[in-house]
Amino acid sequence: MEHREVPPILFAYLGRRNSRFIKNEAGVVPLTSFLCIYPIYDDELYIANLCEALNDPETIQNLRLVGKSYGSGAIKVEPRNLDKVPIPEHIVDKYNLTRQKYKTTSQQLELF
């Protein structure tokens with residue numbers, strides 16, 4: 001049987017409105033309906049700041065750039081696309097997420 005670590009952050013991958021990232025304070029391991037997010041750092045302050053940055057209205061708006069749009073404003077984001085959500089640089093700075101820069105070949109900052 002598969003064993004999965006408890007994800008610090010959850011994301012409902014199909015939402016009609018109010019898409020949001022959820023800090024997993026209950027320590028649940030979802031079976032369906034949520035994508036698991038495992039940040040690069042595991043300290044509580046970084047996870048709290050990352051969750052705030054992901055829930056920033058500008059970041060939520062950018063979900064449309066990587067997800068599929070359906071009727072009535074529904075957006076579906078696939079797991080491999082979620083890590084491509086652009087987080088504006090000023091939001092990364094605002095929530096102090098640049099302790100160390102992990103860059104990909106595309107020069108994107110990796111946070112999770």
# chains A, B, ... in the order shown; residues from 1 in each chain; ligands from 1
call {"tool": "residues_around", "arguments": {"residues": "A:Ile87", "least_positions_apart": "5", "cutoff": "12 Å", "atoms": "only C-alpha atoms", "output": "PyMOL selection string"}}
result
chain A and resi 50-63+65-66+82+92-95+97+108-112
call {"tool": "select_by_dssp", "arguments": {"residues": "stretch 28-102 of chain A", "states": "strand (DSSP E or B)", "output": "ChimeraX atom specification"}}
result
/A:34-37,68-69,75-76
call {"tool": "write_last_selection", "arguments": {"atoms": "N, CA and C atoms", "output": "PDB file, in the first residue's frame"}}
result
ATOM      1  N   PHE A  34      -7.880  17.104  -3.615  1.00  0.00           N
ATOM      2  CA  PHE A  34      -6.845  18.066  -3.270  1.00  0.00           C
ATOM      3  C   PHE A  34      -5.513  17.654  -3.875  1.00  0.00           C
ATOM      4  N   LEU A  35      -4.723  18.659  -4.255  1.00  0.00           N
ATOM      5  CA  LEU A  35      -3.342  18.421  -4.643  1.00  0.00           C
ATOM      6  C   LEU A  35      -2.482  18.666  -3.415  1.00  0.00           C
ATOM      7  N   CYS A  36      -1.461  17.854  -3.245  1.00  0.00           N
ATOM      8  CA  CYS A  36      -0.544  17.985  -2.115  1.00  0.00           C
ATOM      9  C   CYS A  36       0.634  18.865  -2.520  1.00  0.00           C
ATOM     10  N   ILE A  37       0.985  19.809  -1.665  1.00  0.00           N
ATOM     11  CA  ILE A  37       2.110  20.700  -1.923  1.00  0.00           C
ATOM     12  C   ILE A  37       3.148  20.474  -0.839  1.00  0.00           C
ATOM     13  N   LYS A  68      -6.935  24.863 -16.797  1.00  0.00           N
ATOM     14  CA  LYS A  68      -7.951  24.800 -17.850  1.00  0.00           C
ATOM     15  C   LYS A  68      -9.197  25.512 -17.351  1.00  0.00           C
ATOM     16  N   SER A  69      -9.792  26.331 -18.215  1.00  0.00           N
ATOM     17  CA  SER A  69     -11.002  27.060 -17.856  1.00  0.00           C
ATOM     18  C   SER A  69     -12.231  26.296 -18.318  1.00  0.00           C
ATOM     19  N   ILE A  75     -11.940  26.620 -12.775  1.00  0.00           N
ATOM     20  CA  ILE A  75     -10.563  26.400 -13.211  1.00  0.00           C
ATOM     21  C   ILE A  75     -10.092  25.070 -12.661  1.00  0.00           C
ATOM     22  N   LYS A  76      -9.452  24.282 -13.523  1.00  0.00           N
ATOM     23  CA  LYS A  76      -8.865  23.014 -13.093  1.00  0.00           C
ATOM     24  C   LYS A  76      -7.363  23.090 -13.332  1.00  0.00           C
TER      25      LYS A  76
END
call {"tool": "residues_around", "arguments": {"residues": "stretch 29-32 of chain A", "least_positions_apart": "4", "cutoff": "12 Å", "atoms": "only C-alpha atoms", "output": "list in words"}}
result
Glu2, His3, Arg4, Glu5, Val6, Pro7, Pro8, Ile9, Leu10, Phe11, Ala12, Tyr13, Leu14, Asn24, Glu25, Cys36 and Ile37 of chain A
call {"tool": "select_by_dssp", "arguments": {"residues": "stretch 41-110 of chain A", "states": "alpha helix (DSSP H)", "output": "PyMOL selection string"}}
result
chain A and resi 44-54+57-66+79-82+89-94
call {"tool": "write_last_selection", "arguments": {"atoms": "N, CA and C atoms", "output": "mmCIF file, in the first residue's frame"}}
result
data_model
loop_
_atom_site.group_PDB
_atom_site.id
_atom_site.type_symbol
_atom_site.label_atom_id
_atom_site.label_comp_id
_atom_site.auth_asym_id
_atom_site.auth_seq_id
_atom_site.Cartn_x
_atom_site.Cartn_y
_atom_site.Cartn_z
ATOM 1 N N GLU A 44 7.917 26.093 9.950
ATOM 2 C CA GLU A 44 6.549 26.621 10.030
ATOM 3 C C GLU A 44 6.401 28.034 9.472
ATOM 4 N N LEU A 45 7.379 28.888 9.728
ATOM 5 C CA LEU A 45 7.296 30.266 9.238
ATOM 6 C C LEU A 45 7.313 30.304 7.719
ATOM 7 N N TYR A 46 8.193 29.524 7.104
ATOM 8 C CA TYR A 46 8.264 29.486 5.644
ATOM 9 C C TYR A 46 6.950 28.956 5.065
ATOM 10 N N ILE A 47 6.403 27.903 5.653
ATOM 11 C CA ILE A 47 5.148 27.324 5.156
ATOM 12 C C ILE A 47 4.003 28.322 5.295
ATOM 13 N N ALA A 48 3.941 29.019 6.429
ATOM 14 C CA ALA A 48 2.889 30.028 6.626
ATOM 15 C C ALA A 48 3.031 31.158 5.610
ATOM 16 N N ASN A 49 4.262 31.627 5.389
ATOM 17 C CA ASN A 49 4.495 32.703 4.422
ATOM 18 C C ASN A 49 4.179 32.249 3.000
ATOM 19 N N LEU A 50 4.563 31.022 2.655
ATOM 20 C CA LEU A 50 4.268 30.494 1.327
ATOM 21 C C LEU A 50 2.766 30.388 1.104
ATOM 22 N N CYS A 51 2.056 29.933 2.103
ATOM 23 C CA CYS A 51 0.597 29.826 1.991
ATOM 24 C C CYS A 51 -0.028 31.207 1.762
ATOM 25 N N GLU A 52 0.457 32.214 2.478
ATOM 26 C CA GLU A 52 -0.030 33.587 2.283
ATOM 27 C C GLU A 52 0.274 34.073 0.868
ATOM 28 N N ALA A 53 1.482 33.808 0.387
ATOM 29 C CA ALA A 53 1.867 34.241 -0.963
ATOM 30 C C ALA A 53 1.023 33.540 -2.021
ATOM 31 N N LEU A 54 0.752 32.261 -1.824
ATOM 32 C CA LEU A 54 -0.062 31.518 -2.786
ATOM 33 C C LEU A 54 -1.509 32.004 -2.787
ATOM 34 N N PRO A 57 -4.206 37.576 -4.004
ATOM 35 C CA PRO A 57 -5.083 37.690 -5.177
ATOM 36 C C PRO A 57 -4.344 37.660 -6.517
ATOM 37 N N GLU A 58 -3.142 38.231 -6.579
ATOM 38 C CA GLU A 58 -2.387 38.208 -7.841
ATOM 39 C C GLU A 58 -1.956 36.784 -8.203
ATOM 40 N N THR A 59 -1.539 36.011 -7.214
ATOM 41 C CA THR A 59 -1.149 34.622 -7.472
ATOM 42 C C THR A 59 -2.370 33.801 -7.868
ATOM 43 N N ILE A 60 -3.471 33.985 -7.163
ATOM 44 C CA ILE A 60 -4.709 33.261 -7.498
ATOM 45 C C ILE A 60 -5.136 33.587 -8.921
ATOM 46 N N GLN A 61 -5.013 34.843 -9.315
ATOM 47 C CA GLN A 61 -5.355 35.246 -10.686
ATOM 48 C C GLN A 61 -4.479 34.513 -11.706
ATOM 49 N N ASN A 62 -3.220 34.254 -11.357
ATOM 50 C CA ASN A 62 -2.290 33.579 -12.268
ATOM 51 C C ASN A 62 -2.593 32.096 -12.453
ATOM 52 N N LEU A 63 -3.485 31.534 -11.645
ATOM 53 C CA LEU A 63 -3.882 30.139 -11.848
ATOM 54 C C LEU A 63 -4.488 29.947 -13.236
ATOM 55 N N ARG A 64 -5.110 30.986 -13.762
ATOM 56 C CA ARG A 64 -5.713 30.921 -15.099
ATOM 57 C C ARG A 64 -4.659 30.690 -16.188
ATOM 58 N N LEU A 65 -3.417 31.077 -15.909
ATOM 59 C CA LEU A 65 -2.351 30.919 -16.896
ATOM 60 C C LEU A 65 -1.888 29.474 -17.034
ATOM 61 N N VAL A 66 -2.111 28.651 -16.014
ATOM 62 C CA VAL A 66 -1.616 27.270 -16.037
ATOM 63 C C VAL A 66 -2.732 26.228 -15.963
ATOM 64 N N PRO A 79 -1.617 18.590 -11.504
ATOM 65 C CA PRO A 79 -0.474 18.599 -10.561
ATOM 66 C C PRO A 79 0.821 19.162 -11.143
ATOM 67 N N ARG A 80 1.229 18.766 -12.312
ATOM 68 C CA ARG A 80 2.497 19.251 -12.880
ATOM 69 C C ARG A 80 2.405 20.700 -13.311
ATOM 70 N N ASN A 81 1.210 21.218 -13.499
ATOM 71 C CA ASN A 81 1.046 22.623 -13.867
ATOM 72 C C ASN A 81 1.052 23.545 -12.653
ATOM 73 N N LEU A 82 0.710 23.003 -11.502
ATOM 74 C CA LEU A 82 0.645 23.837 -10.302
ATOM 75 C C LEU A 82 2.008 24.426 -9.963
ATOM 76 N N GLU A 89 7.293 38.653 -8.389
ATOM 77 C CA GLU A 89 8.500 38.844 -7.587
ATOM 78 C C GLU A 89 8.254 39.698 -6.348
ATOM 79 N N HIS A 90 7.421 40.729 -6.479
ATOM 80 C CA HIS A 90 7.164 41.572 -5.303
ATOM 81 C C HIS A 90 6.412 40.810 -4.206
ATOM 82 N N ILE A 91 5.640 39.795 -4.577
ATOM 83 C CA ILE A 91 4.950 38.974 -3.577
ATOM 84 C C ILE A 91 5.952 38.026 -2.910
ATOM 85 N N VAL A 92 6.868 37.476 -3.696
ATOM 86 C CA VAL A 92 7.934 36.633 -3.132
ATOM 87 C C VAL A 92 8.729 37.433 -2.107
ATOM 88 N N ASP A 93 9.051 38.679 -2.434
ATOM 89 C CA ASP A 93 9.782 39.542 -1.503
ATOM 90 C C ASP A 93 8.929 39.917 -0.294
ATOM 91 N N LYS A 94 7.666 40.237 -0.532
ATOM 92 C CA LYS A 94 6.758 40.652 0.546
ATOM 93 C C LYS A 94 6.649 39.582 1.629
#
call {"tool": "closest_residue", "arguments": {"among": "A:Ala26, A:Met1, A:Arg20, A:Tyr38", "to": "A:Val77", "atoms": "only C-alpha atoms"}}
result
A:Arg20
call {"tool": "atom_distance", "arguments": {"atom1": "atom CA of A:Tyr70", "atom2": "atom CA of A:Val85"}}
result
18.1 Å
